[in-house]
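*Asks:* Dropping the structure in here first, questions after.
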Amino acid sequence: MDERERNYQTEKEKLANELKEINRSMEQLQAEKENLTKTLKMKSDHCAQGWKFFSGKCYYFSTDEETWNASRNACVDKGGYLVIVTSPMEQDFLKRSKPGSGSEFYWIGLTDAVVEGEWHWLDGTKLSQTPRYWTGNEPDDWKGDQNAHPEGEDCAVMELSSDSYLLLDAFCNEESKKLKHVCEAKAGM
Ligand SMILES: [Ca+2]
Ligand SMILES: [Ca+2]
């Protein structure tokens, strides 16, 4: 073996070792990536205790009963907002996740307090009127007996049972109108 050949052999071994080293690093990075992906997935599905996960969001069914205004604030205090229901899938989730049996009433993040008759979710989205979920002749903007509440009914309630989701309007801030509510928040917080 002349010197040139020896040099060539040495260089070849060196490169082979480097390649091995690179492969090892790549395997380690790959394993690390898998771990991080797993952690991220766990984090993004995570909801605080007492909240239920659905499609990137967490939902909280309150047990205490408050006015709509107090309920809205209660959700903000918990890092969320009064629930905004934007799809039939979300309605179905609420129907099957509702604690307790039978039909129950919950405040939701829907109001026509700004312009009478124009129903908007708390994120500013207009309520889609098709299909129509208002029950009976709701929303009727009832003003109470003998016009006791000239401001009318400006806050929405969902009547939830295992197989129905119906809406009605009610007084936002009336002591006699205290109901449970549902909060929503982004998952993974
Ligand atoms: Ca109204
Ligand atoms: Ca009403």
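How things are named: the first chain in the structure tokens is A, the next is B, and so on; residues count from 1 in each chain; ligands count from 1 in the order shown.
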Which residues of chain A come within 9 Å of ligand 1, and what is each one's closest atom pair and distance in Å (one decimal), counting only C-alpha atoms and all ligand atoms, sorted by chain and residue number, as a Markdown table?
*Replies:*
```
| residue | atom | partner | partner_atom_place_in_ligand_line | distance |
| --- | --- | --- | --- | --- |
| A:Thr111 | CA | ligand 1 | 1 (Ca) | 7.5 |
| A:Asp112 | CA | ligand 1 | 1 (Ca) | 5.3 |
| A:Ala113 | CA | ligand 1 | 1 (Ca) | 6.3 |
| A:Val115 | CA | ligand 1 | 1 (Ca) | 8.1 |
| A:Glu116 | CA | ligand 1 | 1 (Ca) | 5.1 |
| A:Gly117 | CA | ligand 1 | 1 (Ca) | 5.6 |
| A:Glu118 | CA | ligand 1 | 1 (Ca) | 8.1 |
| A:Trp119 | CA | ligand 1 | 1 (Ca) | 8.2 |
| A:Pro139 | CA | ligand 1 | 1 (Ca) | 7.1 |
| A:Asp140 | CA | ligand 1 | 1 (Ca) | 7.3 |
| A:Asp141 | CA | ligand 1 | 1 (Ca) | 4.4 |
| A:Trp142 | CA | ligand 1 | 1 (Ca) | 7.8 |
| A:Glu151 | CA | ligand 1 | 1 (Ca) | 7.7 |
| A:Gly152 | CA | ligand 1 | 1 (Ca) | 5.5 |
| A:Glu153 | CA | ligand 1 | 1 (Ca) | 4.4 |
| A:Asp154 | CA | ligand 1 | 1 (Ca) | 3.7 |
| A:Cys155 | CA | ligand 1 | 1 (Ca) | 7.0 |
| A:Ala156 | CA | ligand 1 | 1 (Ca) | 8.9 |
| A:Asp169 | CA | ligand 1 | 1 (Ca) | 6.9 |
| A:Ala170 | CA | ligand 1 | 1 (Ca) | 8.0 |
| A:Phe171 | CA | ligand 1 | 1 (Ca) | 8.6 |
```
*Asks:* Would you pick out the contacts of Lys57 in chain A at 8 Å or less, using only C-alpha atoms, so that residues sharing its chain but fewer than 4 positions from it are not included, and give the list as a ChimeraX atom specification?
*Replies:* /A:53,184-187
*Asks:* Could you please take those selected residues and save N, CA, C and O atoms as a short mmCIF file (atom, residue, chain, number, x, y, z; two decimals), in the first residue's frame?
*Replies:*
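The resulting result-v3.cif:
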```
data_model
loop_
_atom_site.label_atom_id
_atom_site.label_comp_id
_atom_site.auth_asym_id
_atom_site.auth_seq_id
_atom_site.Cartn_x
_atom_site.Cartn_y
_atom_site.Cartn_z
N PHE A 53 -63.57 18.12 26.59
CA PHE A 53 -62.92 18.45 25.32
C PHE A 53 -63.80 18.12 24.12
O PHE A 53 -64.42 17.07 24.07
N GLU A 184 -67.05 28.21 27.17
CA GLU A 184 -66.19 27.57 26.17
C GLU A 184 -64.82 28.23 26.28
O GLU A 184 -64.73 29.41 26.62
N ALA A 185 -63.77 27.47 26.01
CA ALA A 185 -62.41 28.04 26.01
C ALA A 185 -61.56 27.23 25.05
O ALA A 185 -61.87 26.09 24.72
N LYS A 186 -60.48 27.84 24.59
CA LYS A 186 -59.56 27.14 23.70
C LYS A 186 -58.86 26.04 24.51
O LYS A 186 -58.50 26.24 25.66
N ALA A 187 -58.69 24.86 23.91
CA ALA A 187 -58.02 23.76 24.61
C ALA A 187 -56.52 24.02 24.70
O ALA A 187 -55.99 24.83 23.95
#
```
*Asks:* So that I can check the secondary structure, give me every residue of chain A assigned strand (DSSP E or B) by backbone DSSP, as a count of residues only.
*Replies:* 45
*Asks:* Using only C-alpha atoms and all ligand atoms for the distances, tell me which of A:Trp134, A:Ser44, A:Ser161, A:Glu175 is nearest to ligand 2.
*Replies:* A:Trp134
*Asks:* Between CA of Glu104 in chain A and CA of Met89 in chain A, what is the distance in Å, rounded to a tenth?
*Replies:*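 A separation of 19.0 Å between them.
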*Asks:* Find the spatial neighbours of Glu66 in chain A, counting only C-alpha atoms, within a cut-off of 6 Å - ignore same-chain residues fewer than 5 positions away - and output them as a list in words.
*Replies:*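 Within the cut-off, the hits are Ser71, Lys178 and Leu179 of chain A.
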*Asks:* Can you pull out the residues contacting range 125-133 of chain A? Cut-off 10 Å, using only C-alpha atoms, and skip same-chain residues under 6 positions away; I want them as a PyMOL selection string.
*Replies:* chain A and resi 84-86+88+110-112+118-119+158+164-168
*Asks:* Could you dump the residues just selected with N, CA and C atoms as a tab-separated table (two decimals), in the first residue's frame?
*Replies:*
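The result, written out as again_12.tsv:
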```tsv
chain	number	residue	atom	x	y	z
A	84	ILE	N	-70.29	29.65	22.27
A	84	ILE	CA	-70.69	30.11	20.93
A	84	ILE	C	-70.88	28.85	20.09
A	85	VAL	N	-72.11	28.60	19.66
A	85	VAL	CA	-72.44	27.33	19.01
A	85	VAL	C	-72.54	27.54	17.51
A	86	THR	N	-71.60	26.98	16.76
A	86	THR	CA	-71.54	27.32	15.34
A	86	THR	C	-71.78	26.16	14.39
A	88	PRO	N	-73.79	22.00	13.73
A	88	PRO	CA	-74.63	20.91	14.23
A	88	PRO	C	-73.80	19.90	15.04
A	110	LEU	N	-75.10	34.55	23.14
A	110	LEU	CA	-75.85	35.08	22.00
A	110	LEU	C	-76.78	36.19	22.51
A	111	THR	N	-76.75	37.37	21.86
A	111	THR	CA	-77.54	38.49	22.35
A	111	THR	C	-77.99	39.42	21.22
A	112	ASP	N	-79.11	40.11	21.45
A	112	ASP	CA	-79.51	41.16	20.50
A	112	ASP	C	-79.61	42.50	21.25
A	118	GLU	N	-81.36	41.82	15.97
A	118	GLU	CA	-80.15	41.35	15.28
A	118	GLU	C	-79.32	40.53	16.26
A	119	TRP	N	-79.41	39.22	16.11
A	119	TRP	CA	-78.76	38.32	17.06
A	119	TRP	C	-77.33	38.03	16.65
A	158	MET	N	-80.32	28.30	25.67
A	158	MET	CA	-80.57	27.07	24.91
A	158	MET	C	-81.29	26.10	25.82
A	164	SER	N	-82.48	17.34	21.65
A	164	SER	CA	-82.89	18.61	21.04
A	164	SER	C	-82.09	19.79	21.54
A	165	TYR	N	-81.95	20.78	20.66
A	165	TYR	CA	-81.25	22.03	20.92
A	165	TYR	C	-82.17	23.13	20.43
A	166	LEU	N	-82.77	23.88	21.38
A	166	LEU	CA	-83.72	24.92	21.00
A	166	LEU	C	-83.35	26.24	21.68
A	167	LEU	N	-83.67	27.34	21.01
A	167	LEU	CA	-83.30	28.65	21.54
A	167	LEU	C	-84.52	29.47	21.94
A	168	LEU	N	-84.35	30.29	22.97
A	168	LEU	CA	-85.37	31.27	23.32
A	168	LEU	C	-84.68	32.51	23.89
```
*Asks:* With only C-alpha atoms as the atoms that count, which of A:Lys43, A:Cys183, A:Leu29, A:Arg4 lies nearest to Thr63 in chain A?
*Replies:*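 Nearest to Thr63 in chain A: A:Cys183.
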*Asks:* Provide the CA of Ala70 in chain A to CA of Glu174 in chain A distance in Å, to one decimal place.
*Replies:* 10.4 Å
*Asks:* Tell me, as a compact mmCIF listing (two decimals) with N, CA and C atoms, in the first residue's frame, which residues lie within 12 Å of Ser162 in chain A, counting only C-alpha atoms; anything in the same chain fewer than 2 positions away does not count.
*Replies:*
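Output file part.txt follows:
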```
# COMPACT_ATOMS: atom_id res chain seq x y z
N GLN A 91 -73.59 21.29 18.47
CA GLN A 91 -74.89 21.08 19.14
C GLN A 91 -74.99 19.65 19.65
N ASP A 92 -74.59 18.69 18.80
CA ASP A 92 -74.67 17.28 19.19
C ASP A 92 -73.77 16.99 20.39
N PHE A 93 -72.57 17.60 20.36
CA PHE A 93 -71.67 17.43 21.50
C PHE A 93 -72.35 17.93 22.78
N LEU A 94 -72.97 19.11 22.71
CA LEU A 94 -73.62 19.69 23.89
C LEU A 94 -74.76 18.80 24.38
N LYS A 95 -75.55 18.28 23.42
CA LYS A 95 -76.67 17.40 23.77
C LYS A 95 -76.18 16.18 24.54
N ARG A 96 -75.11 15.53 24.04
CA ARG A 96 -74.68 14.28 24.67
C ARG A 96 -73.81 14.52 25.90
N SER A 97 -73.28 15.75 26.06
CA SER A 97 -72.38 16.01 27.19
C SER A 97 -73.08 16.62 28.38
N LYS A 98 -74.29 17.05 28.18
CA LYS A 98 -75.05 17.70 29.24
C LYS A 98 -75.13 16.80 30.46
N PRO A 99 -74.74 17.35 31.64
CA PRO A 99 -74.90 16.53 32.84
C PRO A 99 -76.39 16.45 33.19
N GLY A 100 -76.80 15.40 33.81
CA GLY A 100 -78.21 15.29 34.19
C GLY A 100 -79.07 14.88 33.01
N SER A 101 -80.27 14.41 33.32
CA SER A 101 -81.14 13.95 32.25
C SER A 101 -82.27 14.94 32.05
N GLY A 102 -83.06 14.72 31.05
CA GLY A 102 -84.19 15.60 30.78
C GLY A 102 -83.76 16.87 30.10
N SER A 103 -84.67 17.83 30.09
CA SER A 103 -84.44 19.08 29.38
C SER A 103 -83.95 20.14 30.36
N GLU A 104 -82.88 20.86 29.99
CA GLU A 104 -82.33 21.88 30.88
C GLU A 104 -82.04 23.16 30.11
N GLU A 159 -82.32 25.49 25.26
CA GLU A 159 -83.01 24.42 25.97
C GLU A 159 -82.43 23.13 25.41
N LEU A 160 -81.71 22.42 26.28
CA LEU A 160 -80.92 21.29 25.83
C LEU A 160 -81.46 19.99 26.41
N SER A 164 -82.48 17.34 21.65
CA SER A 164 -82.89 18.61 21.04
C SER A 164 -82.09 19.79 21.54
N TYR A 165 -81.95 20.78 20.66
CA TYR A 165 -81.25 22.03 20.92
C TYR A 165 -82.17 23.13 20.43
N LEU A 166 -82.77 23.88 21.38
CA LEU A 166 -83.72 24.92 21.00
C LEU A 166 -83.35 26.24 21.68
```
*Asks:* Identify, with DSSP run on backbone atoms, the residues in range 25-175 of chain A assigned to helix (DSSP H, G or I), and express the list as a tab-separated table (two decimals) with all heavy atoms, in the first residue's frame.
*Replies:*
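Saved to result30.tsv:
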```tsv
chain	number	residue	atom	x	y	z
A	25	SER	N	-27.25	10.80	15.33
A	25	SER	CA	-27.89	12.07	15.69
A	25	SER	C	-29.29	12.15	15.09
A	25	SER	O	-30.24	12.62	15.73
A	25	SER	CB	-27.07	13.25	15.17
A	25	SER	OG	-25.77	13.18	15.64
A	26	MET	N	-29.39	11.69	13.84
A	26	MET	CA	-30.70	11.74	13.19
A	26	MET	C	-31.71	10.87	13.93
A	26	MET	O	-32.87	11.27	14.10
A	26	MET	CB	-30.59	11.31	11.73
A	26	MET	CG	-30.25	12.47	10.81
A	26	MET	SD	-29.96	11.94	9.12
A	26	MET	CE	-31.58	11.34	8.68
A	27	GLU	N	-31.27	9.69	14.36
A	27	GLU	CA	-32.17	8.81	15.12
A	27	GLU	C	-32.62	9.47	16.42
A	27	GLU	O	-33.79	9.41	16.79
A	27	GLU	CB	-31.48	7.48	15.43
A	27	GLU	CG	-31.62	6.47	14.31
A	27	GLU	CD	-30.64	5.30	14.47
A	27	GLU	OE1	-30.29	4.97	15.63
A	27	GLU	OE2	-30.23	4.74	13.43
A	28	GLN	N	-31.64	10.13	17.07
A	28	GLN	CA	-31.98	10.81	18.32
A	28	GLN	C	-33.00	11.93	18.07
A	28	GLN	O	-33.97	12.07	18.81
A	28	GLN	CB	-30.72	11.40	18.96
A	28	GLN	CG	-29.96	10.38	19.79
A	28	GLN	CD	-28.59	10.90	20.21
A	28	GLN	OE1	-28.27	12.06	19.96
A	28	GLN	NE2	-27.80	10.04	20.82
A	29	LEU	N	-32.75	12.72	17.01
A	29	LEU	CA	-33.66	13.81	16.68
A	29	LEU	C	-35.05	13.29	16.36
A	29	LEU	O	-36.06	13.86	16.75
A	29	LEU	CB	-33.11	14.62	15.49
A	29	LEU	CG	-31.99	15.60	15.84
A	29	LEU	CD1	-31.42	16.20	14.56
A	29	LEU	CD2	-32.51	16.71	16.75
A	30	GLN	N	-35.09	12.17	15.61
A	30	GLN	CA	-36.36	11.56	15.24
A	30	GLN	C	-37.13	11.16	16.50
A	30	GLN	O	-38.33	11.46	16.63
A	30	GLN	CB	-36.10	10.34	14.35
A	30	GLN	CG	-37.34	9.73	13.72
A	30	GLN	CD	-38.04	10.71	12.79
A	30	GLN	OE1	-37.40	11.51	12.12
A	30	GLN	NE2	-39.38	10.68	12.77
A	31	ALA	N	-36.44	10.52	17.45
A	31	ALA	CA	-37.07	10.10	18.70
A	31	ALA	C	-37.57	11.32	19.47
A	31	ALA	O	-38.67	11.33	20.01
A	31	ALA	CB	-36.08	9.30	19.55
A	32	GLU	N	-36.74	12.37	19.48
A	32	GLU	CA	-37.10	13.59	20.19
A	32	GLU	C	-38.35	14.21	19.55
A	32	GLU	O	-39.25	14.67	20.24
A	32	GLU	CB	-35.94	14.57	20.11
A	32	GLU	CG	-35.87	15.50	21.29
A	32	GLU	CD	-34.53	16.23	21.30
A	32	GLU	OE1	-33.48	15.55	21.18
A	32	GLU	OE2	-34.55	17.45	21.40
A	33	LYS	N	-38.37	14.19	18.21
A	33	LYS	CA	-39.51	14.75	17.47
A	33	LYS	C	-40.79	14.00	17.84
A	33	LYS	O	-41.83	14.61	18.08
A	33	LYS	CB	-39.24	14.65	15.96
A	33	LYS	CG	-40.30	15.34	15.13
A	33	LYS	CD	-40.08	15.08	13.65
A	33	LYS	CE	-41.39	15.20	12.91
A	33	LYS	NZ	-41.27	14.69	11.53
A	34	GLU	N	-40.69	12.65	17.87
A	34	GLU	CA	-41.87	11.85	18.21
A	34	GLU	C	-42.38	12.18	19.61
A	34	GLU	O	-43.58	12.31	19.83
A	34	GLU	CB	-41.55	10.36	18.09
A	34	GLU	CG	-41.77	9.85	16.67
A	34	GLU	CD	-41.09	8.51	16.42
A	34	GLU	OE1	-40.94	7.72	17.37
A	34	GLU	OE2	-40.71	8.27	15.25
A	35	ASN	N	-41.44	12.34	20.54
A	35	ASN	CA	-41.82	12.69	21.91
A	35	ASN	C	-42.52	14.04	21.97
A	35	ASN	O	-43.54	14.19	22.62
A	35	ASN	CB	-40.58	12.73	22.80
A	35	ASN	CG	-40.33	11.39	23.45
A	35	ASN	OD1	-41.26	10.59	23.59
A	35	ASN	ND2	-39.09	11.12	23.82
A	36	LEU	N	-41.93	15.02	21.27
A	36	LEU	CA	-42.50	16.36	21.28
A	36	LEU	C	-43.89	16.38	20.65
A	36	LEU	O	-44.79	17.04	21.14
A	36	LEU	CB	-41.58	17.34	20.54
A	36	LEU	CG	-40.35	17.80	21.33
A	36	LEU	CD1	-39.41	18.61	20.44
A	36	LEU	CD2	-40.76	18.62	22.54
A	37	THR	N	-44.04	15.63	19.55
A	37	THR	CA	-45.34	15.56	18.89
A	37	THR	C	-46.39	14.99	19.84
A	37	THR	O	-47.51	15.49	19.93
A	37	THR	CB	-45.25	14.66	17.62
A	37	THR	OG1	-44.13	15.10	16.85
A	37	THR	CG2	-46.51	14.76	16.78
A	38	LYS	N	-45.97	13.94	20.57
A	38	LYS	CA	-46.87	13.31	21.54
A	38	LYS	C	-47.28	14.32	22.62
A	38	LYS	O	-48.45	14.46	22.95
A	38	LYS	CB	-46.19	12.09	22.18
A	38	LYS	CG	-46.97	10.79	21.96
A	38	LYS	CD	-46.30	9.62	22.67
A	38	LYS	CE	-45.31	8.89	21.78
A	38	LYS	NZ	-44.48	7.91	22.49
A	39	THR	N	-46.28	15.01	23.16
A	39	THR	CA	-46.54	15.99	24.22
A	39	THR	C	-47.47	17.09	23.71
A	39	THR	O	-48.42	17.49	24.38
A	39	THR	CB	-45.22	16.64	24.68
A	39	THR	OG1	-44.28	15.61	24.89
A	39	THR	CG2	-45.42	17.42	25.98
A	40	LEU	N	-47.17	17.56	22.48
A	40	LEU	CA	-47.98	18.63	21.89
A	40	LEU	C	-49.42	18.19	21.74
A	40	LEU	O	-50.36	18.94	22.05
A	40	LEU	CB	-47.40	19.02	20.53
A	40	LEU	CG	-47.99	20.25	19.88
A	40	LEU	CD1	-47.65	21.49	20.70
A	40	LEU	CD2	-47.45	20.43	18.47
A	41	LYS	N	-49.62	16.96	21.29
A	41	LYS	CA	-50.97	16.44	21.10
A	41	LYS	C	-51.69	16.38	22.45
A	41	LYS	O	-52.84	16.79	22.56
A	41	LYS	CB	-50.92	15.05	20.45
A	41	LYS	CG	-52.29	14.45	20.27
A	41	LYS	CD	-52.40	13.58	19.06
A	41	LYS	CE	-53.81	13.05	18.84
A	41	LYS	NZ	-54.82	13.45	19.78
A	42	MET	N	-50.97	15.88	23.47
A	42	MET	CA	-51.57	15.81	24.79
A	42	MET	C	-51.96	17.20	25.28
A	42	MET	O	-53.03	17.41	25.82
A	42	MET	CB	-50.57	15.20	25.78
A	42	MET	CG	-50.76	13.71	25.97
A	42	MET	SD	-49.31	12.98	26.75
A	42	MET	CE	-49.23	13.97	28.24
A	43	LYS	N	-51.04	18.18	25.03
A	43	LYS	CA	-51.30	19.55	25.46
A	43	LYS	C	-52.51	20.13	24.74
A	43	LYS	O	-53.34	20.79	25.35
A	43	LYS	CB	-50.07	20.41	25.18
A	43	LYS	CG	-49.02	20.31	26.27
A	43	LYS	CD	-48.48	21.70	26.57
A	43	LYS	CE	-47.81	21.74	27.92
A	43	LYS	NZ	-46.49	21.10	27.90
A	44	SER	N	-52.60	19.89	23.41
A	44	SER	CA	-53.67	20.53	22.63
A	44	SER	C	-55.03	19.90	22.91
A	44	SER	O	-56.06	20.47	22.62
A	44	SER	CB	-53.35	20.50	21.14
A	44	SER	OG	-53.27	19.17	20.72
A	68	TRP	N	-77.68	36.34	33.02
A	68	TRP	CA	-76.82	36.22	31.82
A	68	TRP	C	-75.55	37.05	32.01
A	68	TRP	O	-74.45	36.58	31.72
A	68	TRP	CB	-77.58	36.69	30.58
A	68	TRP	CG	-76.83	36.48	29.29
A	68	TRP	CD1	-76.81	35.34	28.52
A	68	TRP	CD2	-75.98	37.43	28.60
A	68	TRP	NE1	-76.02	35.52	27.41
A	68	TRP	CE2	-75.49	36.79	27.43
A	68	TRP	CE3	-75.59	38.75	28.86
A	68	TRP	CZ2	-74.64	37.43	26.52
A	68	TRP	CZ3	-74.74	39.39	27.95
A	68	TRP	CH2	-74.27	38.73	26.80
A	69	ASN	N	-75.72	38.30	32.50
A	69	ASN	CA	-74.56	39.18	32.69
A	69	ASN	C	-73.53	38.54	33.62
A	69	ASN	O	-72.33	38.53	33.32
A	69	ASN	CB	-75.00	40.54	33.27
A	69	ASN	CG	-75.71	41.39	32.22
A	69	ASN	OD1	-76.08	40.89	31.17
A	69	ASN	ND2	-75.90	42.67	32.52
A	70	ALA	N	-74.00	38.00	34.75
A	70	ALA	CA	-73.09	37.37	35.71
A	70	ALA	C	-72.46	36.12	35.11
A	70	ALA	O	-71.27	35.84	35.35
A	70	ALA	CB	-73.83	37.03	37.00
A	71	SER	N	-73.22	35.38	34.31
A	71	SER	CA	-72.70	34.17	33.67
A	71	SER	C	-71.59	34.52	32.68
A	71	SER	O	-70.57	33.83	32.61
A	71	SER	CB	-73.81	33.43	32.93
A	71	SER	OG	-74.85	33.09	33.82
A	72	ARG	N	-71.83	35.59	31.91
A	72	ARG	CA	-70.81	36.02	30.95
A	72	ARG	C	-69.51	36.34	31.69
A	72	ARG	O	-68.43	35.92	31.28
A	72	ARG	CB	-71.30	37.24	30.17
A	72	ARG	CG	-70.33	37.72	29.11
A	72	ARG	CD	-70.72	39.08	28.56
A	72	ARG	NE	-70.92	40.04	29.65
A	72	ARG	CZ	-71.49	41.23	29.50
A	72	ARG	NH1	-71.92	41.62	28.33
A	72	ARG	NH2	-71.64	42.03	30.54
A	73	ASN	N	-69.62	37.07	32.80
A	73	ASN	CA	-68.43	37.43	33.58
A	73	ASN	C	-67.77	36.20	34.19
A	73	ASN	O	-66.55	36.10	34.25
A	73	ASN	CB	-68.79	38.43	34.68
A	73	ASN	CG	-69.24	39.76	34.09
A	73	ASN	OD1	-68.95	40.06	32.93
A	73	ASN	ND2	-69.96	40.55	34.88
A	74	ALA	N	-68.60	35.25	34.64
A	74	ALA	CA	-68.06	34.03	35.26
A	74	ALA	C	-67.19	33.27	34.27
A	74	ALA	O	-66.13	32.74	34.62
A	74	ALA	CB	-69.19	33.15	35.77
A	75	CYS	N	-67.62	33.21	33.00
A	75	CYS	CA	-66.83	32.51	31.97
A	75	CYS	C	-65.51	33.24	31.72
A	75	CYS	O	-64.46	32.61	31.58
A	75	CYS	CB	-67.62	32.39	30.67
A	75	CYS	SG	-68.98	31.21	30.78
A	76	VAL	N	-65.57	34.57	31.66
A	76	VAL	CA	-64.34	35.35	31.45
A	76	VAL	C	-63.37	35.12	32.60
A	76	VAL	O	-62.17	34.92	32.39
A	76	VAL	CB	-64.66	36.85	31.27
A	76	VAL	CG1	-63.39	37.69	31.25
A	76	VAL	CG2	-65.46	37.06	29.98
A	77	ASP	N	-63.90	35.08	33.83
A	77	ASP	CA	-63.05	34.83	35.00
A	77	ASP	C	-62.36	33.47	34.91
A	77	ASP	O	-61.28	33.27	35.45
A	77	ASP	CB	-63.88	34.87	36.30
A	77	ASP	CG	-64.30	36.30	36.64
A	77	ASP	OD1	-63.72	37.24	36.06
A	77	ASP	OD2	-65.20	36.46	37.49
A	88	PRO	N	-73.79	22.00	13.73
A	88	PRO	CA	-74.63	20.91	14.23
A	88	PRO	C	-73.80	19.90	15.04
A	88	PRO	O	-74.32	19.31	16.00
A	88	PRO	CB	-75.17	20.24	12.96
A	88	PRO	CG	-75.07	21.29	11.90
A	88	PRO	CD	-73.87	22.13	12.26
A	89	MET	N	-72.51	19.74	14.68
A	89	MET	CA	-71.65	18.82	15.45
A	89	MET	C	-71.48	19.32	16.88
A	89	MET	O	-71.48	18.54	17.84
A	89	MET	CB	-70.25	18.71	14.80
A	89	MET	CG	-70.18	17.82	13.60
A	89	MET	SD	-70.71	18.67	12.10
A	89	MET	CE	-69.30	19.73	11.80
A	90	GLU	N	-71.33	20.65	17.00
A	90	GLU	CA	-71.16	21.24	18.33
A	90	GLU	C	-72.46	21.10	19.13
A	90	GLU	O	-72.43	20.82	20.33
A	90	GLU	CB	-70.75	22.71	18.17
A	90	GLU	CG	-70.15	23.31	19.42
A	90	GLU	CD	-69.61	24.72	19.19
A	90	GLU	OE1	-69.86	25.28	18.09
A	90	GLU	OE2	-68.94	25.24	20.09
A	91	GLN	N	-73.59	21.29	18.47
A	91	GLN	CA	-74.89	21.08	19.14
A	91	GLN	C	-74.99	19.65	19.65
A	91	GLN	O	-75.42	19.42	20.78
A	91	GLN	CB	-76.04	21.34	18.16
A	91	GLN	CG	-76.18	22.78	17.73
A	91	GLN	CD	-77.25	22.94	16.66
A	91	GLN	OE1	-77.96	21.99	16.34
A	91	GLN	NE2	-77.36	24.12	16.10
A	92	ASP	N	-74.59	18.69	18.80
A	92	ASP	CA	-74.67	17.28	19.19
A	92	ASP	C	-73.77	16.99	20.39
A	92	ASP	O	-74.15	16.25	21.30
A	92	ASP	CB	-74.28	16.37	18.02
A	92	ASP	CG	-75.36	16.33	16.95
A	92	ASP	OD1	-76.52	16.71	17.28
A	92	ASP	OD2	-75.07	15.96	15.80
A	93	PHE	N	-72.57	17.60	20.36
A	93	PHE	CA	-71.67	17.43	21.50
A	93	PHE	C	-72.35	17.93	22.78
A	93	PHE	O	-72.31	17.26	23.82
A	93	PHE	CB	-70.36	18.19	21.26
A	93	PHE	CG	-69.57	18.42	22.51
A	93	PHE	CD1	-68.84	17.39	23.10
A	93	PHE	CD2	-69.60	19.66	23.13
A	93	PHE	CE1	-68.15	17.61	24.28
A	93	PHE	CE2	-68.91	19.89	24.31
A	93	PHE	CZ	-68.18	18.85	24.89
A	94	LEU	N	-72.97	19.11	22.71
A	94	LEU	CA	-73.62	19.69	23.89
A	94	LEU	C	-74.76	18.80	24.38
A	94	LEU	O	-74.91	18.55	25.57
A	94	LEU	CB	-74.13	21.10	23.58
A	94	LEU	CG	-73.04	22.15	23.33
A	94	LEU	CD1	-73.64	23.43	22.73
A	94	LEU	CD2	-72.27	22.48	24.61
A	95	LYS	N	-75.55	18.28	23.42
A	95	LYS	CA	-76.67	17.40	23.77
A	95	LYS	C	-76.18	16.18	24.54
A	95	LYS	O	-76.75	15.80	25.56
A	95	LYS	CB	-77.38	16.91	22.50
A	95	LYS	CG	-78.21	17.96	21.78
A	95	LYS	CD	-78.85	17.29	20.56
A	95	LYS	CE	-79.11	18.28	19.45
A	95	LYS	NZ	-79.46	17.58	18.19
A	96	ARG	N	-75.11	15.53	24.04
A	96	ARG	CA	-74.68	14.28	24.67
A	96	ARG	C	-73.81	14.52	25.90
A	96	ARG	O	-73.60	13.60	26.70
A	96	ARG	CB	-74.01	13.35	23.66
A	96	ARG	CG	-72.69	13.83	23.11
A	96	ARG	CD	-72.02	12.77	22.23
A	96	ARG	NE	-70.73	13.28	21.77
A	96	ARG	CZ	-70.55	13.93	20.64
A	96	ARG	NH1	-71.56	14.12	19.81
A	96	ARG	NH2	-69.36	14.38	20.30
A	97	SER	N	-73.28	15.75	26.06
A	97	SER	CA	-72.38	16.01	27.19
A	97	SER	C	-73.08	16.62	28.38
A	97	SER	O	-72.51	16.73	29.46
A	97	SER	CB	-71.26	16.95	26.75
A	97	SER	OG	-70.62	16.45	25.62
A	145	ASP	N	-94.81	41.60	32.44
A	145	ASP	CA	-96.19	41.99	32.75
A	145	ASP	C	-96.26	43.50	32.86
A	145	ASP	O	-95.40	44.13	33.49
A	145	ASP	CB	-96.62	41.34	34.08
A	145	ASP	CG	-96.82	39.83	33.91
A	145	ASP	OD1	-97.23	39.43	32.80
A	145	ASP	OD2	-96.53	39.08	34.87
A	146	GLN	N	-97.29	44.08	32.27
A	146	GLN	CA	-97.51	45.53	32.30
A	146	GLN	C	-96.25	46.31	31.92
A	146	GLN	O	-95.91	47.32	32.52
A	146	GLN	CB	-98.00	45.96	33.69
A	146	GLN	CG	-99.46	45.63	33.91
A	146	GLN	CD	-99.76	45.30	35.36
A	146	GLN	OE1	-98.99	45.66	36.26
A	146	GLN	NE2	-100.88	44.64	35.58
A	147	ASN	N	-95.54	45.78	30.92
A	147	ASN	CA	-94.37	46.46	30.39
A	147	ASN	C	-93.32	46.79	31.48
A	147	ASN	O	-92.67	47.84	31.45
A	147	ASN	CB	-94.79	47.76	29.69
A	147	ASN	CG	-93.86	48.11	28.54
A	147	ASN	OD1	-93.31	47.22	27.88
A	147	ASN	ND2	-93.64	49.40	28.33
```
*Asks:* When distances are computed from only C-alpha atoms and all ligand atoms, which of A:Leu15, A:Cys172, A:Glu21, A:His181 shows the smallest separation from ligand 2?
*Replies:*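 Checking each candidate against ligand 2, we get A:Cys172 as the closest.
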*Asks:* Work out how far apart CA of Pro150 in chain A and CA of Trp107 in chain A are and give it in Å to one decimal.
*Replies:*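 Separation between CA of Pro150 in chain A and CA of Trp107 in chain A: 21.1 Å.
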*Asks:* Which is closest to ligand 2 among A:Asn173, A:Ser87, A:Thr135, A:Ser62, if we use only C-alpha atoms and all ligand atoms?
*Replies:*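 Going through A:Asn173, A:Ser87, A:Thr135, A:Ser62 one by one, the smallest distance to ligand 2 is for A:Thr135.
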*Asks:* For Ile108 in chain A, which residue out of A:Thr67, A:Thr10, A:Asn23, A:Ser176 is the nearest one, using only C-alpha atoms?
*Replies:* A:Thr67
*Asks:* From the list A:Val182, A:Phe105, A:Gly188, A:Glu138, which residue is nearest ligand 2 when using only C-alpha atoms and all ligand atoms?
*Replies:*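 For ligand 2, the nearest of the candidates is A:Glu138.
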